[in-house]
file target.cif (mmCIF, C-alpha atoms and all ligand atoms)
data_upload
#
loop_
_atom_site.label_atom_id
_atom_site.label_comp_id
_atom_site.auth_asym_id
_atom_site.auth_seq_id
_atom_site.Cartn_x
_atom_site.Cartn_y
_atom_site.Cartn_z
CA MET A 1 259.79 -17.54 -24.23
CA PHE A 2 258.41 -15.97 -27.46
CA THR A 3 261.54 -13.82 -27.62
CA ARG A 4 263.68 -16.98 -27.52
CA ILE A 5 261.85 -18.76 -30.34
CA ALA A 6 261.13 -15.74 -32.59
CA GLY A 7 263.81 -16.64 -35.17
CA ARG A 8 262.47 -20.17 -35.72
CA TYR A 9 258.78 -19.45 -35.08
CA ASP A 10 257.58 -19.51 -38.72
CA LEU A 11 259.58 -22.62 -39.60
CA MET A 12 258.23 -24.49 -36.55
CA ASN A 13 254.64 -23.52 -37.43
CA SER A 14 255.08 -24.93 -40.92
CA LEU A 15 256.73 -28.13 -39.67
CA MET A 16 254.17 -28.77 -36.91
CA THR A 17 251.11 -28.21 -39.11
CA GLY A 18 252.39 -29.39 -42.50
CA GLY A 19 251.91 -25.82 -43.71
CA ARG A 20 248.18 -25.75 -42.78
CA HIS A 21 248.54 -22.80 -40.37
CA HIS A 22 248.27 -20.34 -43.27
CA ALA A 23 244.88 -21.78 -44.31
CA TRP A 24 243.55 -21.25 -40.77
CA ARG A 25 244.66 -17.60 -40.77
CA ARG A 26 243.06 -17.20 -44.23
CA ALA A 27 239.78 -18.48 -42.75
CA ALA A 28 240.12 -15.93 -39.93
CA ALA A 29 240.90 -13.19 -42.47
CA ARG A 30 237.69 -14.00 -44.39
CA GLU A 31 235.76 -13.32 -41.16
CA ILE A 32 237.78 -10.20 -40.29
CA VAL A 33 237.05 -8.44 -43.58
CA THR A 34 233.28 -8.73 -42.95
CA ALA A 35 233.70 -6.21 -40.09
CA PRO A 36 232.54 -2.63 -40.71
CA PRO A 37 235.07 -0.39 -42.48
CA GLY A 38 237.89 0.84 -40.26
CA LEU A 39 241.09 -0.21 -38.54
CA VAL A 40 241.85 -3.83 -37.71
CA LEU A 41 244.00 -4.73 -34.71
CA ASP A 42 246.01 -7.96 -35.03
CA LEU A 43 246.69 -8.48 -31.35
CA ALA A 44 249.76 -10.58 -30.56
CA THR A 45 250.71 -10.32 -34.20
CA GLY A 46 253.93 -12.35 -33.77
CA THR A 47 255.52 -12.48 -37.21
CA ALA A 48 252.49 -10.68 -38.73
CA ASP A 49 251.05 -13.59 -40.72
CA LEU A 50 247.43 -12.82 -39.77
CA ALA A 51 247.88 -9.12 -40.55
CA LEU A 52 249.27 -10.08 -43.97
CA ALA A 53 246.39 -12.49 -44.63
CA VAL A 54 243.92 -9.67 -43.90
CA ARG A 55 245.73 -7.24 -46.21
CA ARG A 56 245.76 -9.84 -48.99
CA ARG A 57 242.01 -10.40 -48.57
CA ASP A 58 241.16 -6.68 -48.35
CA PRO A 59 243.94 -4.41 -49.67
CA ALA A 60 241.95 -1.34 -48.54
CA ARG A 61 242.34 -2.21 -44.85
CA THR A 62 244.97 -0.87 -42.53
CA VAL A 63 245.95 -3.48 -39.94
CA VAL A 64 247.77 -2.49 -36.76
CA GLY A 65 250.02 -5.28 -35.45
CA ALA A 66 250.76 -5.31 -31.72
CA ASP A 67 252.82 -7.71 -29.63
CA PHE A 68 254.66 -7.56 -26.30
CA ALA A 69 257.70 -9.59 -27.44
CA GLU A 70 260.15 -7.25 -29.10
CA ALA A 71 261.95 -10.04 -30.97
CA MET A 72 258.66 -11.04 -32.60
CA VAL A 73 258.07 -7.44 -33.68
CA VAL A 74 261.60 -7.38 -35.15
CA GLU A 75 260.84 -10.54 -37.17
CA ALA A 76 257.51 -9.05 -38.29
CA ARG A 77 259.17 -5.81 -39.34
CA ARG A 78 261.76 -7.71 -41.40
CA LYS A 79 259.04 -9.77 -43.13
CA LEU A 80 256.89 -6.72 -43.93
CA ALA A 81 259.89 -4.81 -45.32
CA SER A 82 260.91 -7.76 -47.52
CA ARG A 83 257.38 -7.79 -48.99
CA GLY A 84 257.15 -4.03 -49.46
CA GLU A 85 254.17 -3.95 -47.07
CA ARG A 86 253.60 -0.44 -45.72
CA ARG A 87 250.09 -0.54 -44.29
CA ILE A 88 250.76 -2.68 -41.25
CA PRO A 89 252.13 -0.39 -38.52
CA LEU A 90 253.68 -2.40 -35.69
CA LEU A 91 253.93 -1.52 -32.03
CA ALA A 92 254.67 -3.00 -28.62
CA ALA A 93 251.59 -3.58 -26.48
CA ASP A 94 250.38 -5.83 -23.69
CA ALA A 95 247.03 -7.46 -24.45
CA LEU A 96 246.05 -7.06 -20.78
CA ALA A 97 246.49 -3.26 -20.81
CA LEU A 98 246.06 -2.04 -24.37
CA PRO A 99 247.47 1.43 -25.12
CA PHE A 100 244.43 2.49 -27.18
CA PRO A 101 241.39 4.62 -26.36
CA ASP A 102 237.96 3.00 -26.11
CA ALA A 103 236.23 2.19 -29.42
CA THR A 104 239.29 2.53 -31.69
CA PHE A 105 239.01 -0.52 -33.97
CA ALA A 106 236.43 -1.94 -36.38
CA CYS A 107 237.80 -5.39 -35.63
CA VAL A 108 240.13 -6.86 -33.01
CA ALA A 109 241.62 -10.15 -34.11
CA SER A 110 244.07 -12.59 -32.60
CA ALA A 111 245.65 -15.85 -33.68
CA PHE A 112 247.06 -18.23 -31.08
CA LEU A 113 247.08 -15.61 -28.31
CA LEU A 114 244.22 -16.35 -25.95
CA ARG A 115 245.53 -19.52 -24.30
CA ASN A 116 248.72 -17.65 -23.40
CA LEU A 117 246.99 -14.91 -21.41
CA GLU A 118 247.46 -14.86 -17.64
CA ASP A 119 243.98 -13.39 -17.25
CA LEU A 120 241.75 -14.48 -20.13
CA ALA A 121 238.66 -12.52 -19.00
CA ARG A 122 240.67 -9.34 -18.71
CA GLY A 123 242.22 -9.82 -22.16
CA LEU A 124 238.79 -10.39 -23.72
CA ALA A 125 237.42 -7.32 -21.91
CA GLU A 126 240.33 -5.20 -23.18
CA MET A 127 239.63 -6.40 -26.72
CA ARG A 128 235.97 -5.44 -26.24
CA ARG A 129 236.88 -2.01 -24.82
CA VAL A 130 238.96 -0.96 -27.84
CA THR A 131 236.36 -2.18 -30.38
CA LYS A 132 233.78 0.23 -31.81
CA PRO A 133 230.09 -0.54 -31.24
CA GLY A 134 229.10 -2.97 -34.01
CA GLY A 135 232.75 -3.94 -34.54
CA HIS A 136 233.89 -7.56 -34.59
CA VAL A 137 236.17 -9.86 -32.65
CA VAL A 138 237.83 -12.80 -34.39
CA ALA A 139 239.95 -15.26 -32.41
CA LEU A 140 241.79 -18.31 -33.63
CA ASP A 141 243.37 -20.83 -31.27
CA ILE A 142 244.32 -24.47 -30.86
CA THR A 143 241.91 -26.79 -29.09
CA SER A 144 241.71 -30.49 -28.31
CA PRO A 145 239.63 -32.27 -30.95
CA ALA A 146 236.46 -33.74 -29.44
CA ILE A 147 236.67 -36.88 -31.58
CA PRO A 148 237.41 -40.10 -29.64
CA GLY A 149 240.46 -41.91 -31.02
CA TRP A 150 241.66 -38.92 -33.06
CA ASP A 151 241.92 -37.00 -29.79
CA THR A 152 244.37 -39.63 -28.49
CA VAL A 153 246.48 -39.53 -31.65
CA PHE A 154 246.53 -35.71 -31.55
CA LYS A 155 247.65 -35.67 -27.90
CA LEU A 156 250.37 -38.23 -28.59
CA TYR A 157 251.67 -36.14 -31.50
CA PHE A 158 251.38 -32.86 -29.63
CA HIS A 159 252.90 -33.98 -26.31
CA ARG A 160 255.60 -36.34 -27.66
CA VAL A 161 256.57 -35.38 -31.21
CA VAL A 162 256.24 -31.57 -31.07
CA PRO A 163 258.61 -31.05 -28.06
CA ALA A 164 261.22 -33.26 -29.78
CA VAL A 165 260.96 -31.28 -33.03
CA GLY A 166 261.09 -28.03 -31.01
CA ALA A 167 264.29 -29.18 -29.33
CA LEU A 168 265.85 -30.15 -32.65
CA VAL A 169 264.77 -27.26 -34.86
CA ALA A 170 264.23 -24.34 -32.47
CA GLY A 171 266.71 -25.52 -29.83
CA ASP A 172 263.97 -25.01 -27.24
CA ARG A 173 262.25 -28.12 -25.88
CA GLN A 174 260.73 -26.09 -23.05
CA ALA A 175 258.80 -23.72 -25.33
CA TYR A 176 257.41 -26.62 -27.34
CA THR A 177 256.50 -28.52 -24.15
CA TYR A 178 254.65 -25.43 -22.92
CA LEU A 179 252.66 -25.37 -26.19
CA PRO A 180 250.68 -28.64 -25.70
CA GLN A 181 250.38 -27.91 -21.96
CA SER A 182 248.83 -24.51 -22.68
CA VAL A 183 246.28 -26.17 -24.96
CA ALA A 184 245.49 -28.88 -22.38
CA ARG A 185 244.69 -26.35 -19.66
CA PHE A 186 242.84 -23.88 -21.92
CA VAL A 187 239.05 -23.54 -21.78
CA SER A 188 236.91 -25.51 -24.25
CA PRO A 189 235.47 -23.68 -27.30
CA ASP A 190 232.03 -23.59 -25.60
CA GLU A 191 233.50 -22.17 -22.39
CA LEU A 192 235.37 -19.54 -24.41
CA ARG A 193 232.14 -18.58 -26.20
CA ARG A 194 230.37 -18.14 -22.83
CA LEU A 195 233.25 -16.10 -21.40
CA MET A 196 233.26 -13.83 -24.45
CA GLU A 197 229.55 -13.22 -23.96
CA ARG A 198 230.08 -12.51 -20.26
CA VAL A 199 232.55 -9.68 -20.98
CA GLY A 200 230.19 -8.03 -23.46
CA TRP A 201 230.54 -9.66 -26.87
CA SER A 202 227.30 -10.68 -28.53
CA ALA A 203 226.27 -13.16 -31.24
CA VAL A 204 229.36 -15.22 -30.43
CA ARG A 205 229.76 -18.32 -32.56
CA TYR A 206 232.62 -20.63 -33.38
CA ARG A 207 233.56 -23.36 -35.79
CA ARG A 208 236.32 -25.90 -35.81
CA LEU A 209 239.01 -26.20 -38.47
CA GLY A 210 242.06 -28.43 -38.91
CA LEU A 211 240.28 -31.73 -38.16
CA GLY A 212 238.85 -30.22 -34.98
CA THR A 213 242.18 -29.00 -33.60
CA ILE A 214 241.53 -25.28 -34.24
CA ALA A 215 238.63 -23.12 -33.03
CA LEU A 216 237.66 -19.90 -34.79
CA HIS A 217 235.47 -17.65 -32.62
CA VAL A 218 233.62 -14.61 -33.94
CA GLY A 219 231.55 -12.03 -32.06
CA VAL A 220 230.10 -8.53 -32.29
CA ALA A 221 230.62 -5.58 -29.94
C1 LIG B 301 251.77 -18.35 -30.64
S1 LIG B 301 252.27 -16.71 -31.00
C2 LIG B 301 251.09 -16.20 -32.23
C3 LIG B 301 251.65 -15.17 -33.18
C4 LIG B 301 250.78 -14.82 -34.37
N1 LIG B 301 249.52 -14.24 -33.95
C5 LIG B 301 250.53 -15.98 -35.30
O1 LIG B 301 249.42 -16.11 -35.81
O2 LIG B 301 251.46 -16.74 -35.55
C6 LIG B 301 251.71 -15.87 -29.58
C7 LIG B 301 252.09 -14.41 -29.59
O3 LIG B 301 251.42 -13.79 -28.52
C8 LIG B 301 252.26 -12.81 -27.96
N2 LIG B 301 251.72 -12.53 -26.62
C9 LIG B 301 251.52 -13.40 -25.61
N3 LIG B 301 250.97 -12.76 -24.55
C10 LIG B 301 250.84 -11.47 -24.90
C11 LIG B 301 250.33 -10.32 -24.25
N4 LIG B 301 249.89 -10.36 -23.01
N5 LIG B 301 250.33 -9.14 -24.92
C12 LIG B 301 250.80 -9.07 -26.20
N6 LIG B 301 251.30 -10.12 -26.87
C13 LIG B 301 251.32 -11.31 -26.22
C14 LIG B 301 253.63 -13.47 -28.00
O4 LIG B 301 254.67 -12.54 -27.87
C15 LIG B 301 253.58 -14.17 -29.34
O5 LIG B 301 254.09 -13.37 -30.38
#
call {"tool": "encode", "arguments": {"input": "target.cif", "output": "structure tokens", "more": "lines below"}}
Ligand SMILES: C[S@@+](CC[C@H](N)C(=O)[O-])C[C@H]1O[C@@H](n2cnc3c(N)ncnc32)[C@H](O)[C@@H]1O
result
Amino acid sequence: MFTRIAGRYDLMNSLMTGGRHHAWRRAAAREIVTAPPGLVLDLATGTADLALAVRRRDPARTVVGADFAEAMVVEARRKLASRGERRIPLLAADALALPFPDATFACVASAFLLRNLEDLARGLAEMRRVTKPGGHVVALDITSPAIPGWDTVFKLYFHRVVPAVGALVAGDRQAYTYLPQSVARFVSPDELRRLMERVGWSAVRYRRLGLGTIALHVGVA
């Protein structure tokens, strides 16, 4: 599915969020750069927007971008080349079986990955495994806002308007029907915090952004 929509992915993000998605990645990047010095992994990098936000915030960092959809990596590579960005190596990797030794990264970050994982606990445990002791995890994802009334408006927009825009702009109603469904069946921010703690992350906290529609989780290995 991500291979199918790769070419229109950035445009759809900007249309769906009114351009706000960059501000959410910037907020994640501000957390990421507080990790100890060392490599950052942008897991499920997609078109590399989070990796770029981290490099803008801390030009001394090297950020490894990994994704299992080749077409996304192709889009990322094109974007990085057009910006002359040389310190974001990209590679193919499955978040459920990461091709890295234990304790490789100072920070493992992801944006809009977790709700797509077939086995969330395993993905979180893999992220923990490849993080150095004292390293950080930073995870950004969409969540249902817990505000009565606004929650209803958000669901209406997400389940009705977004699939129609996806059909029109990306030519893929199915992918943009999956999107709100994946959010609806995803764990709540509190459940995610508890699960992160269960697989070995400590001091896990989160805050909401985007009028409560985005959760930003942070933890320490
Ligand atoms: C919604 S996109 C997010 C892309 C990017 N992080 C961003 O901020 O826009 C989800 C990405 O997760 C990738 N993905 C999903 N499951 C994955 C897995 N098991 N391993 C690696 N990448 C995965 C998809 O290929 C896709 O690029």
call {"tool": "residues_near_ligand", "arguments": {"input": "target.cif", "ligand": "ligand LIG 301 (chain B)", "cutoff": "8 Å", "atoms": "all atoms listed in the file", "output": "VMD selection string"}}
result
chain A and resid 2 to 3 6 9 to 10 13 25 42 to 50 66 to 70 72 to 73 92 to 96 110 to 114 116 to 118 123
call {"tool": "residues_around", "arguments": {"input": "target.cif", "residues": "Gly171 (chain A)", "least_positions_apart": "2", "cutoff": "12 Å", "atoms": "only C-alpha atoms", "output": "PyMOL selection string"}}
result
chain A and resi 1+4-9+12+163-169+173-176
call {"tool": "atom_distance", "arguments": {"input": "target.cif", "atom1": "CA of Leu98 (chain A)", "atom2": "CA of Asp172 (chain A)"}}
result
29.3 Å
call {"tool": "atom_distance", "arguments": {"input": "target.cif", "atom1": "CA of Arg128 (chain A)", "atom2": "CA of Cys107 (chain A)"}}
result
9.6 Å
call {"tool": "closest_atom_pairs", "arguments": {"input": "target.cif", "of": "region 91-166 of chain A", "to": "region 179-200 of chain A", "cutoff": "9 Å", "atoms": "all atoms listed in the file", "output": "JSON lines"}}
result
{"residue": "A:Leu114", "atom": "CA", "partner": "A:Phe186", "partner_atom": "CA", "distance": 8.7}
{"residue": "A:Arg115", "atom": "CA", "partner": "A:Phe186", "partner_atom": "CA", "distance": 5.6}
{"residue": "A:Asn116", "atom": "CA", "partner": "A:Ser182", "partner_atom": "CA", "distance": 6.9}
{"residue": "A:Leu120", "atom": "CA", "partner": "A:Leu195", "partner_atom": "CA", "distance": 8.7}
{"residue": "A:Ala121", "atom": "CA", "partner": "A:Leu195", "partner_atom": "CA", "distance": 6.9}
{"residue": "A:Arg122", "atom": "CA", "partner": "A:Val199", "partner_atom": "CA", "distance": 8.4}
{"residue": "A:Leu124", "atom": "CA", "partner": "A:Met196", "partner_atom": "CA", "distance": 6.6}
{"residue": "A:Ala125", "atom": "CA", "partner": "A:Val199", "partner_atom": "CA", "distance": 5.5}
{"residue": "A:Arg128", "atom": "CA", "partner": "A:Gly200", "partner_atom": "CA", "distance": 6.9}
{"residue": "A:Asp141", "atom": "CA", "partner": "A:Val183", "partner_atom": "CA", "distance": 8.8}
{"residue": "A:Ile142", "atom": "CA", "partner": "A:Val183", "partner_atom": "CA", "distance": 6.4}
{"residue": "A:Thr143", "atom": "CA", "partner": "A:Val183", "partner_atom": "CA", "distance": 6.0}
{"residue": "A:Ser144", "atom": "CA", "partner": "A:Val183", "partner_atom": "CA", "distance": 7.1}
{"residue": "A:Lys155", "atom": "CA", "partner": "A:Pro180", "partner_atom": "CA", "distance": 8.0}
{"residue": "A:Phe158", "atom": "CA", "partner": "A:Pro180", "partner_atom": "CA", "distance": 5.8}
{"residue": "A:His159", "atom": "CA", "partner": "A:Pro180", "partner_atom": "CA", "distance": 5.8}
{"residue": "A:Val162", "atom": "CA", "partner": "A:Pro180", "partner_atom": "CA", "distance": 8.3}
{"residue": "A:Pro163", "atom": "CA", "partner": "A:Leu179", "partner_atom": "CA", "distance": 8.4}
call {"tool": "closest_residue", "arguments": {"input": "target.cif", "among": "A:Ala60, A:Ala97, A:Ala215, A:Val33", "to": "Asp119 (chain A)", "atoms": "only C-alpha atoms"}}
result
A:Ala97
call {"tool": "closest_residue", "arguments": {"input": "target.cif", "among": "A:Gly65, A:Pro99, A:Gly19, A:Pro36", "to": "Ala221 (chain A)", "atoms": "only C-alpha atoms"}}
result
A:Pro36
call {"tool": "atom_distance", "arguments": {"input": "target.cif", "atom1": "CA of Val130 (chain A)", "atom2": "CA of Thr104 (chain A)"}}
result
5.2 Å
call {"tool": "residues_around", "arguments": {"input": "target.cif", "residues": "Arg207 (chain A)", "least_positions_apart": "5", "cutoff": "9 Å", "atoms": "all atoms listed in the file", "output": "list in words"}}
result
Pro189, Gly212, Ile214, Ala215, Leu216, His217 and Val218 of chain A
call {"tool": "write_last_selection", "arguments": {"input": "target.cif", "atoms": "C-alpha atoms", "output": "PDB file, keeping the file's coordinate frame"}}
result
ATOM      1  CA  PRO A 189     235.470 -23.680 -27.300  1.00  0.00           C
ATOM      2  CA  GLY A 212     238.850 -30.220 -34.980  1.00  0.00           C
ATOM      3  CA  ILE A 214     241.530 -25.280 -34.240  1.00  0.00           C
ATOM      4  CA  ALA A 215     238.630 -23.120 -33.030  1.00  0.00           C
ATOM      5  CA  LEU A 216     237.660 -19.900 -34.790  1.00  0.00           C
ATOM      6  CA  HIS A 217     235.470 -17.650 -32.620  1.00  0.00           C
ATOM      7  CA  VAL A 218     233.620 -14.610 -33.940  1.00  0.00           C
TER       8      VAL A 218
END
call {"tool": "closest_residue", "arguments": {"input": "target.cif", "among": "A:Asp102, A:Asp58, A:Asp151, A:Glu126", "to": "Ala29 (chain A)", "atoms": "only C-alpha atoms"}}
result
A:Asp58
call {"tool": "axis_aligned_box", "arguments": {"input": "target.cif", "around": "region 74-84 of chain A", "padding_each_side": "3 Å", "output": "AutoDock Vina command-line options"}}
result
--center_x 259.3 --center_y -7.3 --center_z -42.3 --size_x 10.9 --size_y 12.5 --size_z 20.3
call {"tool": "closest_residue", "arguments": {"input": "target.cif", "among": "A:Leu140, A:Leu156, A:Leu15, A:Val64", "to": "Gly210 (chain A)", "atoms": "only C-alpha atoms"}}
result
A:Leu140
call {"tool": "residues_around", "arguments": {"input": "target.cif", "residues": "Leu80 (chain A)", "least_positions_apart": "5", "cutoff": "9 Å", "atoms": "all atoms listed in the file", "output": "PDB file with C-alpha atoms, in the frame of the given file"}}
result
ATOM      1  CA  THR A  47     255.520 -12.480 -37.210  1.00  0.00           C
ATOM      2  CA  ALA A  48     252.490 -10.680 -38.730  1.00  0.00           C
ATOM      3  CA  LEU A  52     249.270 -10.080 -43.970  1.00  0.00           C
ATOM      4  CA  GLU A  75     260.840 -10.540 -37.170  1.00  0.00           C
ATOM      5  CA  GLU A  85     254.170  -3.950 -47.070  1.00  0.00           C
ATOM      6  CA  ARG A  86     253.600  -0.440 -45.720  1.00  0.00           C
ATOM      7  CA  ILE A  88     250.760  -2.680 -41.250  1.00  0.00           C
TER       8      ILE A  88
END
